[in-house]
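Shown here: coords.tsv, TSV, C-alpha atoms.
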chain	number	residue	atom	x	y	z
A	8	MET	CA	0.00	14.69	22.81
A	9	TRP	CA	1.42	11.53	21.18
A	10	SER	CA	-2.14	10.53	20.31
A	11	ASN	CA	-2.15	13.51	17.91
A	12	ARG	CA	0.77	12.19	15.88
A	13	PRO	CA	0.50	11.99	12.08
A	14	GLY	CA	-0.77	8.72	10.69
A	15	THR	CA	1.33	5.96	9.16
A	16	VAL	CA	1.39	5.03	5.48
A	17	ILE	CA	1.04	1.25	5.12
A	18	VAL	CA	2.42	0.21	1.74
A	19	ILE	CA	1.16	-3.15	0.49
A	20	SER	CA	2.58	-4.66	-2.68
A	21	GLY	CA	2.74	-8.03	-4.35
A	22	PRO	CA	2.58	-9.54	-7.82
A	23	SER	CA	-0.71	-10.00	-9.63
A	24	GLY	CA	-2.21	-13.21	-8.31
A	25	SER	CA	-0.83	-12.79	-4.79
A	26	GLY	CA	-4.30	-11.84	-3.57
A	27	LYS	CA	-3.20	-8.52	-2.13
A	28	THR	CA	-6.46	-6.78	-3.07
A	29	SER	CA	-8.48	-9.37	-1.15
A	30	VAL	CA	-6.09	-9.06	1.79
A	31	VAL	CA	-6.47	-5.28	1.84
A	32	LYS	CA	-10.26	-5.58	1.77
A	33	ALA	CA	-10.22	-8.03	4.67
A	34	LEU	CA	-7.80	-5.76	6.56
A	35	CYS	CA	-10.07	-2.73	6.14
A	36	ASP	CA	-13.04	-4.83	7.31
A	37	LEU	CA	-11.07	-5.74	10.46
A	38	ASN	CA	-10.12	-2.11	11.08
A	39	PRO	CA	-12.65	0.38	9.67
A	40	THR	CA	-10.52	3.33	10.86
A	41	LEU	CA	-7.96	2.60	8.13
A	42	VAL	CA	-8.16	4.85	5.08
A	43	LYS	CA	-7.61	3.09	1.76
A	44	SER	CA	-6.13	5.45	-0.78
A	45	VAL	CA	-7.74	5.19	-4.21
A	46	SER	CA	-5.14	5.12	-6.98
A	47	ALA	CA	-5.49	6.80	-10.35
A	48	THR	CA	-5.07	4.82	-13.55
A	49	THR	CA	-5.39	5.22	-17.30
A	50	ARG	CA	-6.63	1.67	-17.85
A	51	PRO	CA	-10.34	1.15	-18.50
A	52	PRO	CA	-12.48	-0.17	-15.65
A	53	ARG	CA	-13.05	-3.90	-15.40
A	54	LEU	CA	-16.49	-5.40	-14.97
A	55	GLY	CA	-17.94	-4.29	-11.62
A	56	GLU	CA	-15.34	-1.61	-10.92
A	57	VAL	CA	-16.64	1.81	-9.90
A	58	ASN	CA	-14.89	5.12	-10.57
A	59	GLY	CA	-13.78	6.73	-7.31
A	60	ARG	CA	-14.15	3.50	-5.34
A	61	ASP	CA	-11.81	1.04	-7.05
A	62	TYR	CA	-9.73	3.58	-9.00
A	63	ASP	CA	-9.92	7.13	-10.26
A	64	PHE	CA	-10.12	6.33	-13.97
A	65	LEU	CA	-8.36	9.04	-16.01
A	66	SER	CA	-7.50	9.60	-19.64
A	67	HIS	CA	-3.83	9.61	-20.64
A	68	ALA	CA	-4.08	13.38	-21.14
A	69	GLN	CA	-5.51	13.93	-17.65
A	70	PHE	CA	-2.83	11.73	-16.11
A	71	SER	CA	-0.03	13.51	-17.98
A	72	ASP	CA	-1.38	16.88	-16.86
A	73	LEU	CA	-1.28	15.78	-13.21
A	74	VAL	CA	2.28	14.47	-13.64
A	75	GLY	CA	3.29	17.86	-15.05
A	76	ARG	CA	1.79	19.59	-12.01
A	77	ASP	CA	3.71	17.28	-9.62
A	78	ALA	CA	0.40	16.09	-8.19
A	79	PHE	CA	1.49	12.47	-7.68
A	80	LEU	CA	3.23	11.05	-4.64
A	81	GLU	CA	4.31	8.13	-6.82
A	82	TRP	CA	3.45	6.89	-10.27
A	83	ALA	CA	4.59	4.28	-12.74
A	84	THR	CA	3.84	2.82	-16.14
A	85	TYR	CA	2.67	-0.78	-16.17
A	86	GLY	CA	2.21	-2.23	-19.62
A	87	GLU	CA	0.28	0.28	-21.70
A	88	HIS	CA	-1.23	2.12	-18.76
A	89	CYS	CA	-0.17	4.44	-15.94
A	90	TYR	CA	-0.94	4.12	-12.25
A	91	GLY	CA	-0.30	6.63	-9.49
A	92	THR	CA	-1.18	7.95	-6.04
A	93	LEU	CA	-2.26	11.57	-5.79
A	94	LYS	CA	-0.56	13.44	-2.96
A	95	SER	CA	-3.89	14.80	-1.73
A	96	LYS	CA	-5.19	11.25	-1.19
A	97	VAL	CA	-2.45	10.67	1.41
A	98	THR	CA	-1.42	13.97	2.99
A	99	VAL	CA	-4.91	14.96	4.16
A	100	PRO	CA	-5.74	11.79	6.16
A	101	VAL	CA	-2.16	11.32	7.40
A	102	ASN	CA	-2.04	14.87	8.77
A	103	ALA	CA	-5.36	14.13	10.50
A	104	GLY	CA	-3.74	11.18	12.29
A	105	LYS	CA	-5.25	8.46	10.10
A	106	ASP	CA	-3.34	5.40	8.93
A	107	VAL	CA	-3.49	5.14	5.14
A	108	ILE	CA	-3.29	1.93	3.10
A	109	LEU	CA	-1.50	2.20	-0.24
A	110	GLU	CA	-1.88	-0.83	-2.49
A	111	ILE	CA	0.80	-0.06	-5.06
A	112	ASP	CA	3.34	-1.86	-7.23
A	113	VAL	CA	7.02	-2.19	-6.46
A	114	GLN	CA	8.02	0.82	-8.57
A	115	GLY	CA	5.71	3.07	-6.57
A	116	ALA	CA	6.83	1.56	-3.28
A	117	MET	CA	10.46	2.34	-4.04
A	118	GLN	CA	9.51	5.94	-4.88
A	119	LEU	CA	7.64	6.28	-1.58
A	120	LYS	CA	10.73	5.23	0.37
A	121	ARG	CA	12.34	8.48	-0.78
A	122	THR	CA	9.61	10.64	0.78
A	123	THR	CA	9.38	11.91	4.37
A	124	PHE	CA	6.20	10.01	5.23
A	125	ARG	CA	6.32	7.65	8.18
A	126	SER	CA	5.66	4.34	6.44
A	127	VAL	CA	5.89	0.57	6.73
A	128	SER	CA	6.13	-1.65	3.65
A	129	ILE	CA	4.60	-5.13	3.42
A	130	PHE	CA	5.06	-7.56	0.53
A	131	VAL	CA	2.25	-10.10	0.02
A	132	LEU	CA	3.38	-13.46	-1.31
A	133	PRO	CA	1.32	-16.34	-2.73
A	134	PRO	CA	1.99	-19.80	-1.24
A	135	SER	CA	3.74	-20.78	-4.48
A	136	PHE	CA	4.27	-19.58	-8.02
A	137	ALA	CA	1.97	-22.34	-9.29
A	138	ILE	CA	-0.87	-21.00	-7.13
A	139	LEU	CA	-0.15	-17.46	-8.36
A	140	GLU	CA	-0.59	-18.65	-11.98
A	141	GLN	CA	-3.75	-20.55	-11.02
A	142	ARG	CA	-5.26	-17.44	-9.43
A	143	LEU	CA	-4.51	-15.36	-12.52
A	144	ARG	CA	-6.09	-17.93	-14.82
A	145	GLU	CA	-9.21	-18.18	-12.64
A	146	ARG	CA	-9.77	-14.42	-12.98
A	147	LYS	CA	-10.26	-14.80	-16.75
A	148	THR	CA	-9.60	-11.09	-17.29
A	149	GLU	CA	-6.54	-11.37	-19.58
A	150	SER	CA	-5.68	-13.03	-22.84
A	151	GLU	CA	-3.06	-15.78	-22.87
A	152	GLU	CA	-0.47	-13.27	-24.10
A	153	GLU	CA	-1.33	-10.82	-21.33
A	154	LEU	CA	-1.23	-13.64	-18.80
A	155	ARG	CA	2.27	-14.66	-19.87
A	156	ARG	CA	3.37	-11.04	-19.60
A	157	ARG	CA	1.96	-10.81	-16.07
A	158	LEU	CA	3.79	-14.00	-15.04
A	159	ILE	CA	7.10	-12.61	-16.32
A	160	THR	CA	6.45	-9.34	-14.49
A	161	ALA	CA	5.57	-11.28	-11.32
A	162	GLN	CA	8.95	-13.02	-11.37
A	163	THR	CA	10.66	-9.62	-11.58
A	164	GLU	CA	8.54	-8.16	-8.79
A	165	LEU	CA	9.34	-11.05	-6.45
A	166	ASP	CA	12.98	-9.92	-6.50
A	167	TYR	CA	11.91	-6.69	-4.78
A	168	ALA	CA	10.67	-8.48	-1.65
A	169	LYS	CA	14.08	-7.94	-0.01
A	170	HIS	CA	13.50	-4.17	-0.02
A	171	TYR	CA	10.33	-4.41	2.11
A	172	ASP	CA	10.04	-4.31	5.90
A	173	TYR	CA	7.81	-7.41	6.10
A	174	CYS	CA	6.63	-10.30	3.94
A	175	VAL	CA	3.26	-11.97	4.56
A	176	ILE	CA	2.14	-15.15	2.81
A	177	ASN	CA	-1.48	-15.13	1.68
A	178	PRO	CA	-2.47	-18.78	2.17
A	179	GLU	CA	-4.97	-20.75	0.17
A	180	ASN	CA	-8.59	-20.06	1.19
A	181	ASN	CA	-7.67	-18.08	4.32
A	182	VAL	CA	-7.25	-14.43	3.39
A	183	LEU	CA	-8.28	-13.43	6.92
A	184	GLU	CA	-5.10	-15.01	8.30
A	185	ALA	CA	-2.93	-12.74	6.14
A	186	ALA	CA	-5.05	-9.70	7.04
A	187	ARG	CA	-4.68	-10.41	10.76
A	188	LYS	CA	-0.91	-10.70	10.42
A	189	ILE	CA	-0.79	-7.27	8.78
A	190	GLN	CA	-3.06	-5.89	11.50
A	191	HIS	CA	-0.51	-7.06	14.10
A	192	ILE	CA	2.30	-5.42	12.11
A	193	ILE	CA	0.44	-2.09	12.12
A	194	LEU	CA	-0.14	-2.29	15.88
A	195	ALA	CA	3.56	-3.01	16.41
A	196	GLU	CA	4.56	-0.06	14.21
A	197	HIS	CA	2.47	2.25	16.39
A	198	CYS	CA	4.77	1.33	19.29
A	199	ARG	CA	8.03	1.63	17.37
A	200	VAL	CA	10.64	3.98	18.86
A	201	ASP	CA	11.28	6.63	16.24
A	202	ALA	CA	12.16	10.32	16.01
A	203	GLN	CA	8.55	11.40	16.53
A	204	LEU	CA	8.15	9.33	19.69
A	205	LEU	CA	11.47	10.53	21.09
A	206	ALA	CA	10.52	14.15	20.43
A	207	PHE	CA	7.23	13.57	22.25
A	208	ILE	CA	9.03	12.02	25.24
A	209	THR	CA	11.45	14.95	25.40
A	210	GLN	CA	8.67	17.51	25.18
A	211	GLU	CA	6.20	15.90	27.55
A	212	PHE	CA	8.34	14.20	30.19
A	213	SER	CA	11.89	15.57	30.36
A	214	GLY	CA	12.26	17.72	33.46
A	215	LYS	CA	8.60	17.38	34.43
A	216	ASN	CA	7.41	16.05	37.75
A	217	SER	CA	11.00	15.86	39.01
A	218	HIS	CA	11.67	16.41	42.67
A	219	GLU	CA	14.82	17.67	44.32
A	220	PRO	CA	16.13	15.30	47.01

Represent the supplied structure as structure tokens.
Amino acid sequence: MWSNRPGTVIVISGPSGSGKTSVVKALCDLNPTLVKSVSATTRPPRLGEVNGRDYDFLSHAQFSDLVGRDAFLEWATYGEHCYGTLKSKVTVPVNAGKDVILEIDVQGAMQLKRTTFRSVSIFVLPPSFAILEQRLRERKTESEEELRRRLITAQTELDYAKHYDYCVINPENNVLEAARKIQHIILAEHCRVDAQLLAFITQEFSGKNSHEP
């Protein structure tokens, strides 16, 4: 049955300050059936972050060991730390027919495009670069030097938007609007004509219930 198809990987990226994490949270609240993949990272947890919920916090040695065992679907170095998505975090729910949200950077998104997973990529944009900088400053989690580095990185990441399937602007004070737009994109992707759907049509309908004149 087509209802038993594998799930879709929904890749969501955007520069720091775009508000993508808040958008993903609102999206998962709208659709509790979505599975949010928890990424692994070597950076230390920030205030309020919980291991296994926000990230799987690993040492550099643990991360390197997993890279050597080809355990990551995608991974990248960002600043002094590594981030990655373990294959097991995606393959298990996808094979069970669940849609999986991956909140990853542009490097990881480009790696995922080279896999065989059925996926849709969405780039979250801030309303303006000035608002992006304002959001980063309001977080008060980085030094001025780190903030400048993030702003330079953000400018580079914005150039990758052209490689994504969709772009969604996260407006000021209305994260639910952006989440609802992504929800509509996911619903549309479920109806997209692709190889899996065509194979289902051929298997289930071709030659069945036909009547000779």

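Restricting the calculation to all atoms listed in the file, the smallest distance between A:Lys27 and any of A:Phe130, A:Phe79, A:Tyr62, A:Phe124 is found for A:Phe130.
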
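The nearest approach to A:His191 among the residues A:Ile208, A:Ala68, A:Val175, A:Val74, with all atoms listed in the file taken into account, belongs to A:Val175.
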
Give one line per residue of stretch 89-147 of chain A that approaches stretch 176-180 of chain A to at most 6 Å, naming the two atoms of the closest pair and their distance in Å to one decimal, counting only C-alpha atoms; sort by chain then ascending residue number and deliver it as JSON lines.
{"residue": "A:Val131", "atom": "CA", "partner": "A:Ile176", "partner_atom": "CA", "distance": 5.8}
{"residue": "A:Leu132", "atom": "CA", "partner": "A:Ile176", "partner_atom": "CA", "distance": 4.6}
{"residue": "A:Pro133", "atom": "CA", "partner": "A:Asn177", "partner_atom": "CA", "distance": 5.4}
{"residue": "A:Pro134", "atom": "CA", "partner": "A:Pro178", "partner_atom": "CA", "distance": 5.7}

Kindly list the centre and edge lengths in Å, rounded to one decimal, for the axis-aligned box that covers all listed atoms of stretch 54-67 of chain A plus 5 Å on each of its six sides, as JSON.
{"center_x": -10.9, "center_y": 2.1, "center_z": -13.0, "size_x": 24.1, "size_y": 25.0, "size_z": 25.3}

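The coordinates place atom CA of A:Ala185 at 21.0 Å from atom CA of A:Asp61.
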
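Atom pair atom CA of A:Leu194 / atom CA of A:Cys35: separated by 13.9 Å.
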
A:Glu110 surroundings by all atoms listed in the file, 7 Å radius, close-in-sequence under 5 positions cut, as a PyMOL selection string: chain A and resi 18-20

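Reported to one decimal place, the separation of atom CA of A:Thr49 from atom CA of A:Leu65 is 5.0 Å.
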
Env of A:Leu154: 12 Å cut, atoms = only C-alpha atoms, seq-sep filter 4 positions within chain, self excluded. Answer as JSON, numbers by chain. {"A": [23, 24, 86, 139, 140, 141, 142, 143, 144, 145, 146, 147, 148, 149, 150, 158, 159, 160, 161]}

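Distances here use all atoms listed in the file; by that measure, the residue among A:Ser71, A:Thr15, A:Thr28, A:Ser46 closest to A:Leu93 is A:Ser46.
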
Non-local contacts of A:Gln203 (12 Å; all atoms listed in the file; under 2 positions in same chain excluded) as a list in words: Met8, Trp9, Ser10, Asn11, Arg12, Pro13, Gly14, Thr15, Phe124, Arg125, His197, Cys198, Arg199, Val200, Asp201, Leu205, Ala206, Phe207, Ile208, Thr209 and Gln210 of chain A

Export of prior selection with C-alpha atoms as a CSV table (one decimal), in the coordinates of the input:
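Once written, out05.csv looks like this:
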chain,number,residue,atom,x,y,z
A,8,MET,CA,0.0,14.7,22.8
A,9,TRP,CA,1.4,11.5,21.2
A,10,SER,CA,-2.1,10.5,20.3
A,11,ASN,CA,-2.2,13.5,17.9
A,12,ARG,CA,0.8,12.2,15.9
A,13,PRO,CA,0.5,12.0,12.1
A,14,GLY,CA,-0.8,8.7,10.7
A,15,THR,CA,1.3,6.0,9.2
A,124,PHE,CA,6.2,10.0,5.2
A,125,ARG,CA,6.3,7.6,8.2
A,197,HIS,CA,2.5,2.2,16.4
A,198,CYS,CA,4.8,1.3,19.3
A,199,ARG,CA,8.0,1.6,17.4
A,200,VAL,CA,10.6,4.0,18.9
A,201,ASP,CA,11.3,6.6,16.2
A,205,LEU,CA,11.5,10.5,21.1
A,206,ALA,CA,10.5,14.2,20.4
A,207,PHE,CA,7.2,13.6,22.2
A,208,ILE,CA,9.0,12.0,25.2
A,209,THR,CA,11.4,15.0,25.4
A,210,GLN,CA,8.7,17.5,25.2

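Nearest residue to A:Ile129 among A:Lys188, A:Lys96, A:Arg157, A:Lys32 is A:Lys188, counting all atoms listed in the file.
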
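Between A:Thr122 and the candidates A:Ser135, A:Leu80, A:Val97, A:Glu87, the tightest atom-to-atom separation, counting all atoms listed in the file, involves A:Leu80.
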
Taking 2 positions as the minimum chain separation for residues in the same chain, which residues sit within 12 Å of A:Ile111 when counting only C-alpha atoms? Answer as a PyMOL selection string. chain A and resi 16-23+27-28+31+43-48+62+80-85+89-92+108-109+113-119+128-131+164

Could you dump the residues just selected with C-alpha atoms as a PDB file, keeping the file's coordinate frame?
ATOM      1  CA  VAL A  16       1.390   5.030   5.480  1.00  0.00           C
ATOM      2  CA  ILE A  17       1.040   1.250   5.120  1.00  0.00           C
ATOM      3  CA  VAL A  18       2.420   0.210   1.740  1.00  0.00           C
ATOM      4  CA  ILE A  19       1.160  -3.150   0.490  1.00  0.00           C
ATOM      5  CA  SER A  20       2.580  -4.660  -2.680  1.00  0.00           C
ATOM      6  CA  GLY A  21       2.740  -8.030  -4.350  1.00  0.00           C
ATOM      7  CA  PRO A  22       2.580  -9.540  -7.820  1.00  0.00           C
ATOM      8  CA  SER A  23      -0.710 -10.000  -9.630  1.00  0.00           C
ATOM      9  CA  LYS A  27      -3.200  -8.520  -2.130  1.00  0.00           C
ATOM     10  CA  THR A  28      -6.460  -6.780  -3.070  1.00  0.00           C
ATOM     11  CA  VAL A  31      -6.470  -5.280   1.840  1.00  0.00           C
ATOM     12  CA  LYS A  43      -7.610   3.090   1.760  1.00  0.00           C
ATOM     13  CA  SER A  44      -6.130   5.450  -0.780  1.00  0.00           C
ATOM     14  CA  VAL A  45      -7.740   5.190  -4.210  1.00  0.00           C
ATOM     15  CA  SER A  46      -5.140   5.120  -6.980  1.00  0.00           C
ATOM     16  CA  ALA A  47      -5.490   6.800 -10.350  1.00  0.00           C
ATOM     17  CA  THR A  48      -5.070   4.820 -13.550  1.00  0.00           C
ATOM     18  CA  TYR A  62      -9.730   3.580  -9.000  1.00  0.00           C
ATOM     19  CA  LEU A  80       3.230  11.050  -4.640  1.00  0.00           C
ATOM     20  CA  GLU A  81       4.310   8.130  -6.820  1.00  0.00           C
ATOM     21  CA  TRP A  82       3.450   6.890 -10.270  1.00  0.00           C
ATOM     22  CA  ALA A  83       4.590   4.280 -12.740  1.00  0.00           C
ATOM     23  CA  THR A  84       3.840   2.820 -16.140  1.00  0.00           C
ATOM     24  CA  TYR A  85       2.670  -0.780 -16.170  1.00  0.00           C
ATOM     25  CA  CYS A  89      -0.170   4.440 -15.940  1.00  0.00           C
ATOM     26  CA  TYR A  90      -0.940   4.120 -12.250  1.00  0.00           C
ATOM     27  CA  GLY A  91      -0.300   6.630  -9.490  1.00  0.00           C
ATOM     28  CA  THR A  92      -1.180   7.950  -6.040  1.00  0.00           C
ATOM     29  CA  ILE A 108      -3.290   1.930   3.100  1.00  0.00           C
ATOM     30  CA  LEU A 109      -1.500   2.200  -0.240  1.00  0.00           C
ATOM     31  CA  VAL A 113       7.020  -2.190  -6.460  1.00  0.00           C
ATOM     32  CA  GLN A 114       8.020   0.820  -8.570  1.00  0.00           C
ATOM     33  CA  GLY A 115       5.710   3.070  -6.570  1.00  0.00           C
ATOM     34  CA  ALA A 116       6.830   1.560  -3.280  1.00  0.00           C
ATOM     35  CA  MET A 117      10.460   2.340  -4.040  1.00  0.00           C
ATOM     36  CA  GLN A 118       9.510   5.940  -4.880  1.00  0.00           C
ATOM     37  CA  LEU A 119       7.640   6.280  -1.580  1.00  0.00           C
ATOM     38  CA  SER A 128       6.130  -1.650   3.650  1.00  0.00           C
ATOM     39  CA  ILE A 129       4.600  -5.130   3.420  1.00  0.00           C
ATOM     40  CA  PHE A 130       5.060  -7.560   0.530  1.00  0.00           C
ATOM     41  CA  VAL A 131       2.250 -10.100   0.020  1.00  0.00           C
ATOM     42  CA  GLU A 164       8.540  -8.160  -8.790  1.00  0.00           C
TER      43      GLU A 164
END
